[in-house]
$ cat query_23.cif   # mmCIF, C-alpha atoms
data_my_file
#
loop_
_atom_site.label_atom_id
_atom_site.label_comp_id
_atom_site.auth_asym_id
_atom_site.auth_seq_id
_atom_site.Cartn_x
_atom_site.Cartn_y
_atom_site.Cartn_z
CA MET Q 703 0.00 0.00 0.00
CA ALA Q 704 1.07 3.59 -0.62
CA ASN Q 705 2.51 5.32 2.46
CA ILE Q 706 1.90 8.81 1.06
CA VAL Q 707 -1.65 10.17 1.00
CA THR Q 708 -2.39 13.47 -0.71
CA ILE Q 709 -5.56 15.49 -0.18
CA THR Q 710 -7.00 17.95 -2.70
CA LEU Q 711 -10.04 19.83 -1.43
CA ASN Q 712 -10.35 22.16 -4.43
CA PRO Q 713 -9.18 20.20 -7.51
CA ALA Q 714 -9.40 21.47 -11.07
CA LEU Q 715 -9.21 20.54 -14.69
CA ASP Q 716 -6.17 22.45 -15.95
CA LYS Q 717 -6.59 23.55 -19.57
CA SER Q 718 -3.64 25.11 -21.36
CA ILE Q 719 -3.22 26.48 -24.87
CA THR Q 720 -0.45 28.14 -26.86
CA VAL Q 721 -1.31 31.02 -29.21
CA PRO Q 722 0.95 32.80 -31.71
CA GLU Q 723 0.30 36.10 -29.91
CA LEU Q 724 -2.24 37.25 -27.32
CA VAL Q 725 -4.17 40.07 -29.04
CA PRO Q 726 -7.40 41.65 -27.71
CA GLU Q 727 -10.63 41.63 -29.76
CA LYS Q 728 -9.29 39.04 -32.19
CA LYS Q 729 -10.16 35.38 -32.69
CA LEU Q 730 -7.02 33.51 -31.71
CA ARG Q 731 -6.31 30.03 -33.04
CA ALA Q 732 -4.42 27.78 -30.65
CA LEU Q 733 -1.20 26.20 -31.85
CA SER Q 734 -1.61 23.45 -29.26
CA SER Q 735 -3.86 22.56 -26.35
CA LYS Q 736 -3.81 20.20 -23.38
CA VAL Q 737 -6.16 19.15 -20.58
CA GLU Q 738 -4.69 17.73 -17.37
CA PRO Q 739 -5.87 16.95 -13.83
CA GLY Q 740 -4.91 19.71 -11.41
CA GLY Q 741 -4.96 20.93 -7.85
CA GLY Q 742 -2.15 20.83 -5.30
CA GLY Q 743 -2.45 17.32 -3.89
CA ILE Q 744 -3.35 15.84 -7.26
CA ASN Q 745 -0.27 17.38 -8.84
CA ILE Q 746 1.90 16.05 -6.02
CA SER Q 747 0.56 12.53 -6.58
CA ARG Q 748 1.05 12.88 -10.34
CA ALA Q 749 4.62 14.12 -9.86
CA LEU Q 750 5.35 11.31 -7.40
CA LYS Q 751 4.16 8.83 -10.03
CA LYS Q 752 6.62 10.33 -12.52
CA LEU Q 753 9.37 10.00 -9.92
CA GLY Q 754 8.54 6.33 -9.37
CA VAL Q 755 6.95 6.74 -5.93
CA ALA Q 756 3.48 5.44 -5.10
CA SER Q 757 0.83 7.55 -3.42
CA GLU Q 758 -2.92 7.67 -2.93
CA ALA Q 759 -4.84 10.83 -3.77
CA ILE Q 760 -8.07 11.71 -1.94
CA ILE Q 761 -10.05 14.19 -4.01
CA LEU Q 762 -13.41 15.89 -4.27
CA SER Q 763 -14.98 15.43 -7.69
CA GLY Q 764 -18.26 16.60 -9.22
CA GLY Q 765 -20.07 16.91 -12.52
CA TYR Q 766 -18.74 16.16 -16.00
CA THR Q 767 -15.51 18.00 -15.17
CA GLY Q 768 -15.02 15.72 -12.19
CA LYS Q 769 -15.56 12.62 -14.32
CA THR Q 770 -13.02 13.94 -16.83
CA LEU Q 771 -10.59 14.58 -13.97
CA GLU Q 772 -11.01 11.02 -12.70
CA ALA Q 773 -10.56 9.57 -16.20
CA LEU Q 774 -7.32 11.51 -16.66
CA LEU Q 775 -5.97 10.33 -13.30
CA ALA Q 776 -6.85 6.74 -14.17
CA LYS Q 777 -5.06 7.15 -17.50
CA GLU Q 778 -1.93 8.26 -15.65
CA GLN Q 779 -2.36 5.27 -13.29
CA VAL Q 780 -2.55 7.49 -10.22
CA THR Q 781 -4.30 5.73 -7.33
CA PHE Q 782 -7.14 7.86 -6.03
CA THR Q 783 -10.32 7.91 -3.96
CA ALA Q 784 -12.96 10.34 -5.26
CA ILE Q 785 -15.63 11.84 -3.00
CA GLU Q 786 -18.54 12.89 -5.20
CA THR Q 787 -19.78 16.46 -4.80
CA VAL Q 788 -23.01 18.13 -5.92
CA GLY Q 789 -21.05 21.05 -7.38
CA ASP Q 790 -18.97 20.69 -10.54
CA THR Q 791 -15.19 20.48 -10.31
CA ARG Q 792 -13.71 23.79 -11.38
CA GLU Q 793 -11.57 24.51 -14.44
CA ASN Q 794 -8.37 26.58 -14.62
CA PHE Q 795 -6.94 28.08 -17.77
CA VAL Q 796 -3.37 28.84 -18.89
CA VAL Q 797 -2.47 30.74 -22.08
CA PHE Q 798 1.09 30.86 -23.41
CA ASP Q 799 1.95 33.73 -25.76
CA GLU Q 800 4.49 32.25 -28.19
CA ASP Q 801 5.55 35.66 -29.50
CA LYS Q 802 6.36 37.29 -26.16
CA LYS Q 803 7.12 34.04 -24.31
CA LEU Q 804 4.70 35.08 -21.56
CA GLN Q 805 2.27 32.93 -19.63
CA TYR Q 806 -1.18 34.02 -18.41
CA ARG Q 807 -2.87 32.02 -15.65
CA PHE Q 808 -6.59 32.12 -14.85
CA GLY Q 809 -7.67 30.35 -11.67
CA MET Q 810 -11.37 29.80 -11.01
CA PRO Q 811 -12.71 29.77 -7.41
CA GLY Q 812 -14.67 26.52 -7.62
CA GLU Q 813 -17.95 25.69 -5.91
CA SER Q 814 -18.70 25.32 -2.22
CA VAL Q 815 -18.53 21.92 -0.53
CA SER Q 816 -21.07 20.67 2.01
CA ASP Q 817 -20.26 19.52 5.54
CA GLN Q 818 -21.43 16.05 4.55
CA GLU Q 819 -19.00 15.94 1.62
CA LEU Q 820 -16.14 17.12 3.84
CA GLY Q 821 -17.15 14.48 6.38
CA LEU Q 822 -16.69 11.79 3.74
CA VAL Q 823 -13.22 13.18 3.04
CA MET Q 824 -12.34 12.84 6.74
CA GLN Q 825 -13.68 9.30 6.72
CA ALA Q 826 -11.51 8.44 3.70
CA ILE Q 827 -8.42 9.88 5.42
CA GLY Q 828 -9.20 7.92 8.56
CA ASN Q 829 -9.24 4.72 6.50
CA CYS Q 830 -5.59 5.29 5.47
CA ALA Q 831 -4.05 3.34 8.34
CA HIS Q 832 -0.98 2.71 6.16
CA ALA Q 833 -0.11 6.40 5.78
CA ASP Q 834 3.33 7.61 6.88
CA TYR Q 835 2.82 11.04 5.31
CA ILE Q 836 -0.44 12.95 4.80
CA VAL Q 837 -0.11 15.92 2.47
CA VAL Q 838 -2.75 18.63 2.10
CA SER Q 839 -2.01 20.99 -0.76
CA GLY Q 840 -3.86 23.73 -2.60
CA SER Q 841 -6.66 26.16 -1.88
CA LEU Q 842 -9.86 25.58 0.05
CA PRO Q 843 -13.25 25.58 -1.70
CA PRO Q 844 -15.23 28.81 -1.26
CA GLY Q 845 -16.86 28.94 2.15
CA THR Q 846 -14.85 26.09 3.67
CA SER Q 847 -13.60 26.92 7.18
CA THR Q 848 -9.89 26.73 7.94
CA ALA Q 849 -10.95 24.50 10.85
CA VAL Q 850 -10.71 21.67 8.32
CA PHE Q 851 -6.94 21.65 8.95
CA HIS Q 852 -7.55 20.91 12.63
CA GLU Q 853 -9.82 18.00 11.72
CA ILE Q 854 -7.17 16.55 9.40
CA ALA Q 855 -4.44 17.09 12.00
CA VAL Q 856 -6.42 15.13 14.59
CA ILE Q 857 -6.80 12.21 12.18
CA ALA Q 858 -3.11 12.34 11.19
CA GLU Q 859 -2.13 12.15 14.87
CA GLN Q 860 -4.42 9.16 15.38
CA LEU Q 861 -2.77 7.44 12.40
CA ASN Q 862 0.71 8.44 13.62
CA ALA Q 863 1.31 10.04 10.22
CA LYS Q 864 3.47 13.09 9.52
CA LEU Q 865 1.33 15.99 8.30
CA ILE Q 866 2.60 18.25 5.52
CA ILE Q 867 0.54 21.24 4.40
CA ASP Q 868 1.22 23.50 1.42
CA THR Q 869 -1.30 26.32 1.28
CA SER Q 870 -1.37 30.10 1.69
CA GLY Q 871 -3.20 33.00 3.31
CA ASP Q 872 -5.49 32.35 6.24
CA GLY Q 873 -5.30 28.64 5.53
CA LEU Q 874 -1.56 28.58 6.21
CA LYS Q 875 -1.94 30.65 9.39
CA ALA Q 876 -4.58 28.22 10.65
CA ALA Q 877 -2.65 25.11 9.61
CA VAL Q 878 0.55 25.96 11.47
CA LYS Q 879 -1.38 26.04 14.74
CA GLU Q 880 -1.57 22.25 14.42
CA GLY Q 881 2.17 21.55 14.83
CA LEU Q 882 2.99 20.26 11.33
CA TYR Q 883 5.91 18.17 10.12
CA LEU Q 884 6.79 20.32 7.10
CA ILE Q 885 5.55 23.48 5.37
CA LYS Q 886 6.73 25.15 2.14
CA PRO Q 887 6.09 28.91 2.29
CA ASN Q 888 7.53 31.56 -0.01
CA LEU Q 889 9.06 34.72 1.44
CA ARG Q 890 5.78 36.62 1.68
CA GLU Q 891 3.98 33.65 3.26
CA LEU Q 892 6.77 33.19 5.81
CA ALA Q 893 6.60 36.89 6.66
CA SER Q 894 2.84 36.61 7.24
CA LEU Q 895 3.41 33.93 9.88
CA VAL Q 896 5.23 36.48 12.06
CA GLY Q 897 2.88 39.38 11.30
CA LYS Q 898 5.01 41.08 8.66
CA ASP Q 899 4.28 42.00 5.04
CA TRP Q 900 7.74 41.05 3.78
CA ILE Q 901 11.13 39.83 4.93
CA ASP Q 902 14.55 40.01 3.31
CA ILE Q 903 16.42 36.84 2.39
CA SER Q 904 18.90 37.61 5.18
CA GLU Q 905 16.03 37.25 7.67
CA VAL Q 906 14.80 33.85 6.47
CA ILE Q 907 16.67 31.62 8.92
CA ALA Q 908 15.84 33.68 12.02
CA THR Q 909 12.19 34.06 10.98
CA ALA Q 910 11.81 30.36 10.18
CA ARG Q 911 13.32 29.41 13.54
CA GLN Q 912 10.90 31.78 15.26
CA VAL Q 913 8.01 29.87 13.66
CA ILE Q 914 9.56 26.49 14.41
CA ALA Q 915 10.23 27.43 18.05
CA ALA Q 916 6.55 28.28 18.44
CA GLY Q 917 5.76 24.64 17.65
CA SER Q 918 4.26 25.38 14.22
CA CYS Q 919 6.36 22.79 12.34
CA LYS Q 920 9.42 20.57 12.56
CA ALA Q 921 10.94 21.75 9.29
CA MET Q 922 10.36 24.43 6.69
CA ALA Q 923 11.35 24.66 3.02
CA VAL Q 924 11.29 28.32 1.99
CA SER Q 925 10.97 29.11 -1.72
CA MET Q 926 13.00 32.19 -2.67
CA GLY Q 927 12.45 32.44 -6.42
CA ALA Q 928 15.66 32.90 -8.41
CA GLU Q 929 17.62 32.64 -5.13
CA GLY Q 930 16.60 28.98 -4.81
CA ALA Q 931 15.25 27.54 -1.57
CA MET Q 932 16.30 26.94 2.01
CA LEU Q 933 15.37 24.11 4.34
CA ILE Q 934 15.48 25.03 7.99
CA THR Q 935 15.00 23.02 11.18
CA ALA Q 936 15.68 23.99 14.79
CA THR Q 937 19.33 23.00 14.41
CA GLU Q 938 20.12 22.79 10.69
CA GLN Q 939 19.87 24.94 7.58
CA PHE Q 940 20.61 24.17 3.95
CA LYS Q 941 20.33 26.11 0.71
CA ALA Q 942 19.93 24.78 -2.84
CA VAL Q 943 19.88 26.66 -6.14
CA ALA Q 944 18.94 25.04 -9.44
CA PRO Q 945 21.15 25.63 -12.48
CA LYS Q 946 19.91 28.42 -14.74
CA ALA Q 947 17.61 27.32 -17.58
CA PRO Q 948 14.80 28.90 -19.62
CA VAL Q 949 11.54 28.92 -17.64
CA LEU Q 950 8.64 27.92 -19.89
CA SER Q 951 6.03 27.57 -17.14
CA THR Q 952 5.86 27.86 -13.38
CA VAL Q 953 2.57 25.93 -13.10
CA GLY Q 954 3.10 22.87 -10.93
CA ALA Q 955 6.67 23.76 -9.98
CA GLY Q 956 5.82 24.09 -6.29
CA ASP Q 957 3.87 20.83 -6.32
CA SER Q 958 6.75 19.09 -8.08
CA MET Q 959 9.11 20.43 -5.41
CA VAL Q 960 6.95 18.95 -2.65
CA ALA Q 961 6.82 15.65 -4.54
CA GLY Q 962 10.60 15.63 -4.87
CA MET Q 963 11.03 16.21 -1.14
CA LEU Q 964 8.56 13.45 -0.36
CA ALA Q 965 10.33 11.06 -2.71
CA ALA Q 966 13.60 11.79 -0.90
CA LEU Q 967 12.00 11.43 2.54
CA THR Q 968 10.67 7.98 1.66
CA LYS Q 969 14.24 6.99 0.77
CA GLY Q 970 15.41 8.01 4.23
CA TRP Q 971 17.66 10.81 2.95
CA GLY Q 972 18.87 13.66 5.15
CA TRP Q 973 17.40 17.15 5.01
CA GLU Q 974 20.07 18.52 2.66
CA GLN Q 975 19.36 15.91 -0.01
CA VAL Q 976 15.62 16.24 0.61
CA LEU Q 977 15.89 19.93 -0.27
CA GLN Q 978 18.18 19.34 -3.24
CA TYR Q 979 15.91 16.72 -4.77
CA GLY Q 980 12.88 18.91 -4.16
CA VAL Q 981 14.51 21.89 -5.88
CA ALA Q 982 15.56 19.62 -8.75
CA ALA Q 983 12.00 18.38 -9.26
CA GLY Q 984 10.59 21.90 -9.04
CA SER Q 985 13.11 23.16 -11.56
CA ALA Q 986 12.39 20.21 -13.87
CA ALA Q 987 8.72 21.25 -14.01
CA THR Q 988 9.64 24.71 -15.36
CA LEU Q 989 11.26 23.21 -18.46
CA HIS Q 990 7.85 22.46 -20.01
CA LYS Q 991 5.04 24.67 -21.26
CA GLY Q 992 1.57 24.67 -19.76
CA THR Q 993 0.77 22.48 -16.79
CA GLU Q 994 3.21 19.61 -17.34
CA LEU Q 995 5.05 18.50 -14.21
CA CYS Q 996 8.59 17.25 -13.57
CA SER Q 997 10.07 14.22 -15.30
CA LEU Q 998 12.33 11.68 -13.62
CA ALA Q 999 15.14 12.15 -16.17
CA ASP Q 1000 15.21 15.94 -15.79
CA THR Q 1001 14.95 15.71 -12.00
CA GLU Q 1002 17.84 13.26 -11.71
CA ARG Q 1003 20.01 15.34 -14.07
CA ILE Q 1004 19.37 18.59 -12.21
CA PHE Q 1005 19.81 16.85 -8.84
CA ALA Q 1006 23.27 15.70 -9.91
CA GLN Q 1007 24.16 19.26 -10.94
CA ILE Q 1008 22.92 20.75 -7.65
CA LYS Q 1009 24.97 18.27 -5.62
CA GLN Q 1010 28.11 19.35 -7.49
CA ASN Q 1011 27.63 23.03 -6.63
#

$ encode --input "query_23.cif" --output "structure tokens"
Amino acid sequence: MANIVTITLNPALDKSITVPELVPEKKLRALSSKVEPGGGGINISRALKKLGVASEAIILSGGYTGKTLEALLAKEQVTFTAIETVGDTRENFVVFDEDKKLQYRFGMPGESVSDQELGLVMQAIGNCAHADYIVVSGSLPPGTSTAVFHEIAVIAEQLNAKLIIDTSGDGLKAAVKEGLYLIKPNLRELASLVGKDWIDISEVIATARQVIAAGSCKAMAVSMGAEGAMLITATEQFKAVAPKAPVLSTVGAGDSMVAGMLAALTKGWGWEQVLQYGVAAGSAATLHKGTELCSLADTERIFAQIKQN
């Protein structure tokens, strides 16, 4: 059985197209198009599959878009449990302007989820007695209380599973009250956890340790854009920077990074290699247009380069 369980409370069908040039008031003919399953936890499970690591995805799914989402996951041979919802699964849209090499991302809010539907999600999580890691990633459906993170944390503790949460805004602030195993904020999100609007890179270690000392998490991987990422615990800190390469898309890069770290954790690697492999997977995802995630070959190649630096 898979020992990694991912949870996606607000999944999406990710649709991406490439156009010669994005021009207003003109009918634009796509050069290419793609439809893929999306949402934080789903993307982590998909990326883990590409990296040769098994997982089980628990998702909410509704309407024809939900059925399409499930069919696409089945096609990729991703193990999943779908909780049917009355509302339709949302759709997100990405447009790549071939002329200017710019990407435009349109994220839809999705539909609300009932307490009964969320209850079935909790039941499904509780059935994962095999889980070593439970990963909640992505946004919450409209109207869903951040108290959902407390409910999941209680179940994770009962299962003796390590809880990893990758979200933002009020959701992140609520989640860290639960004493998590690992979080992956960017600089602005880390700043928000200590009541600031922004922090400088020189402040990352001290700020992260302030959050860790408060019992919010055991470890933190901080994304710093072009400056790479840092992984910080109460006693250790490591930095990793991916080699420079053209960035074709940033969609799914963060999810690929989490998947890379999880893959390394399941191998029993130390925190430095966990960070390096995560950064390699995240960087590998940026080498492709649209919503495509990391590949094993690219991840291994970039990982080898990072280790040499």

$ closest_residue --input "query_23.cif" --among "Q:Ala833, Q:Leu822, Q:Ile866, Q:Val815" --to "Cys919 (chain Q)" --atoms "all atoms listed in the file"
Q:Ile866

$ residues_near_point --input "query_23.cif" --point "(-13.4, 5.0, 1.5)" --cutoff "12 Å" --atoms "only C-alpha atoms" --output "PDB file with C-alpha atoms, keeping the file's coordinate frame"
ATOM      1  CA  GLU Q 758      -2.920   7.670  -2.930  1.00  0.00           C
ATOM      2  CA  ALA Q 759      -4.840  10.830  -3.770  1.00  0.00           C
ATOM      3  CA  ILE Q 760      -8.070  11.710  -1.940  1.00  0.00           C
ATOM      4  CA  ILE Q 761     -10.050  14.190  -4.010  1.00  0.00           C
ATOM      5  CA  PHE Q 782      -7.140   7.860  -6.030  1.00  0.00           C
ATOM      6  CA  THR Q 783     -10.320   7.910  -3.960  1.00  0.00           C
ATOM      7  CA  ALA Q 784     -12.960  10.340  -5.260  1.00  0.00           C
ATOM      8  CA  ILE Q 785     -15.630  11.840  -3.000  1.00  0.00           C
ATOM      9  CA  GLU Q 786     -18.540  12.890  -5.200  1.00  0.00           C
ATOM     10  CA  GLY Q 821     -17.150  14.480   6.380  1.00  0.00           C
ATOM     11  CA  LEU Q 822     -16.690  11.790   3.740  1.00  0.00           C
ATOM     12  CA  VAL Q 823     -13.220  13.180   3.040  1.00  0.00           C
ATOM     13  CA  MET Q 824     -12.340  12.840   6.740  1.00  0.00           C
ATOM     14  CA  GLN Q 825     -13.680   9.300   6.720  1.00  0.00           C
ATOM     15  CA  ALA Q 826     -11.510   8.440   3.700  1.00  0.00           C
ATOM     16  CA  ILE Q 827      -8.420   9.880   5.420  1.00  0.00           C
ATOM     17  CA  GLY Q 828      -9.200   7.920   8.560  1.00  0.00           C
ATOM     18  CA  ASN Q 829      -9.240   4.720   6.500  1.00  0.00           C
ATOM     19  CA  CYS Q 830      -5.590   5.290   5.470  1.00  0.00           C
ATOM     20  CA  ALA Q 831      -4.050   3.340   8.340  1.00  0.00           C
TER      21      ALA Q 831
END

$ atom_distance --input "query_23.cif" --atom1 "CA of Lys802 (chain Q)" --atom2 "CA of Thr993 (chain Q)"
18.4 Å

$ residues_around --input "query_23.cif" --residues "Ala931 (chain Q)" --least-positions-apart "5" --cutoff "10 Å" --atoms "only C-alpha atoms" --output "ChimeraX atom specification"
/Q:886,888-889,923-926,940-944,977-978,980-981

$ write_last_selection --input "query_23.cif" --atoms "C-alpha atoms" --output "compact mmCIF listing (two decimals), keeping the file's coordinate frame"
# COMPACT_ATOMS: atom_id res chain seq x y z
CA LYS Q 886 6.73 25.15 2.14
CA ASN Q 888 7.53 31.56 -0.01
CA LEU Q 889 9.06 34.72 1.44
CA ALA Q 923 11.35 24.66 3.02
CA VAL Q 924 11.29 28.32 1.99
CA SER Q 925 10.97 29.11 -1.72
CA MET Q 926 13.00 32.19 -2.67
CA PHE Q 940 20.61 24.17 3.95
CA LYS Q 941 20.33 26.11 0.71
CA ALA Q 942 19.93 24.78 -2.84
CA VAL Q 943 19.88 26.66 -6.14
CA ALA Q 944 18.94 25.04 -9.44
CA LEU Q 977 15.89 19.93 -0.27
CA GLN Q 978 18.18 19.34 -3.24
CA GLY Q 980 12.88 18.91 -4.16
CA VAL Q 981 14.51 21.89 -5.88

$ axis_aligned_box --input "query_23.cif" --around "region 788-798 of chain Q" --padding-each-side "4 Å" --output "AutoDock Vina command-line options"
--center_x -11.0 --center_y 24.5 --center_z -14.7 --size_x 32.1 --size_y 20.7 --size_z 25.5

$ residues_around --input "query_23.cif" --residues "Ala966 (chain Q)" --least-positions-apart "6" --cutoff "8 Å" --atoms "all atoms listed in the file" --output "ChimeraX atom specification"
/Q:975-976,979-980

$ resolve_selection --input "query_23.cif" --expression "the PyMOL selection byres ((chain Q and resi 999) around 12)" --output "list in words"
Lys752, Leu753, Gly754, Ala982, Ala983, Ala986, Ala987, Leu989, Cys996, Ser997, Leu998, Asp1000, Thr1001, Glu1002, Arg1003, Ile1004, Phe1005 and Ala1006 of chain Q

$ closest_atom_pairs --input "query_23.cif" --of "region 860-889 of chain Q" --to "region 845-854 of chain Q" --cutoff "8 Å" --atoms "only C-alpha atoms" --output "JSON lines"
{"residue": "Q:Asp872", "atom": "CA", "partner": "Q:Thr848", "partner_atom": "CA", "distance": 7.3}
{"residue": "Q:Gly873", "atom": "CA", "partner": "Q:Thr848", "partner_atom": "CA", "distance": 5.5}
{"residue": "Q:Ala876", "atom": "CA", "partner": "Q:Thr848", "partner_atom": "CA", "distance": 6.1}
{"residue": "Q:Ala877", "atom": "CA", "partner": "Q:Phe851", "partner_atom": "CA", "distance": 5.6}
{"residue": "Q:Glu880", "atom": "CA", "partner": "Q:His852", "partner_atom": "CA", "distance": 6.4}

$ residues_around --input "query_23.cif" --residues "region 795-797 of chain Q" --least-positions-apart "5" --cutoff "8 Å" --atoms "only C-alpha atoms" --output "list in words"
Asp716, Lys717, Ser718, Ile719, Thr720, Val721, Gln805, Tyr806, Arg807, Phe808, Gly809, Gly992 and Thr993 of chain Q

$ resolve_selection --input "query_23.cif" --expression "the PyMOL selection byres ((chain Q and resi 867) around 7)" --output "ChimeraX atom specification"
/Q:837-839,865-866,868-869,884-885

$ write_last_selection --input "query_23.cif" --atoms "C-alpha atoms" --output "compact mmCIF listing (two decimals), in the frame of the given file"
# COMPACT_ATOMS: atom_id res chain seq x y z
CA VAL Q 837 -0.11 15.92 2.47
CA VAL Q 838 -2.75 18.63 2.10
CA SER Q 839 -2.01 20.99 -0.76
CA LEU Q 865 1.33 15.99 8.30
CA ILE Q 866 2.60 18.25 5.52
CA ASP Q 868 1.22 23.50 1.42
CA THR Q 869 -1.30 26.32 1.28
CA LEU Q 884 6.79 20.32 7.10
CA ILE Q 885 5.55 23.48 5.37

$ resolve_selection --input "query_23.cif" --expression "the PyMOL selection byres ((chain Q and resi 712) around 10)" --output "number ranges by chain"
Q: 709-711, 713-714, 740-744, 761-763, 791-792, 811-815, 839-844

$ closest_residue --input "query_23.cif" --among "Q:Asn705, Q:Asn794, Q:Gln860, Q:Thr781" --to "Pro739 (chain Q)" --atoms "only C-alpha atoms"
Q:Asn794
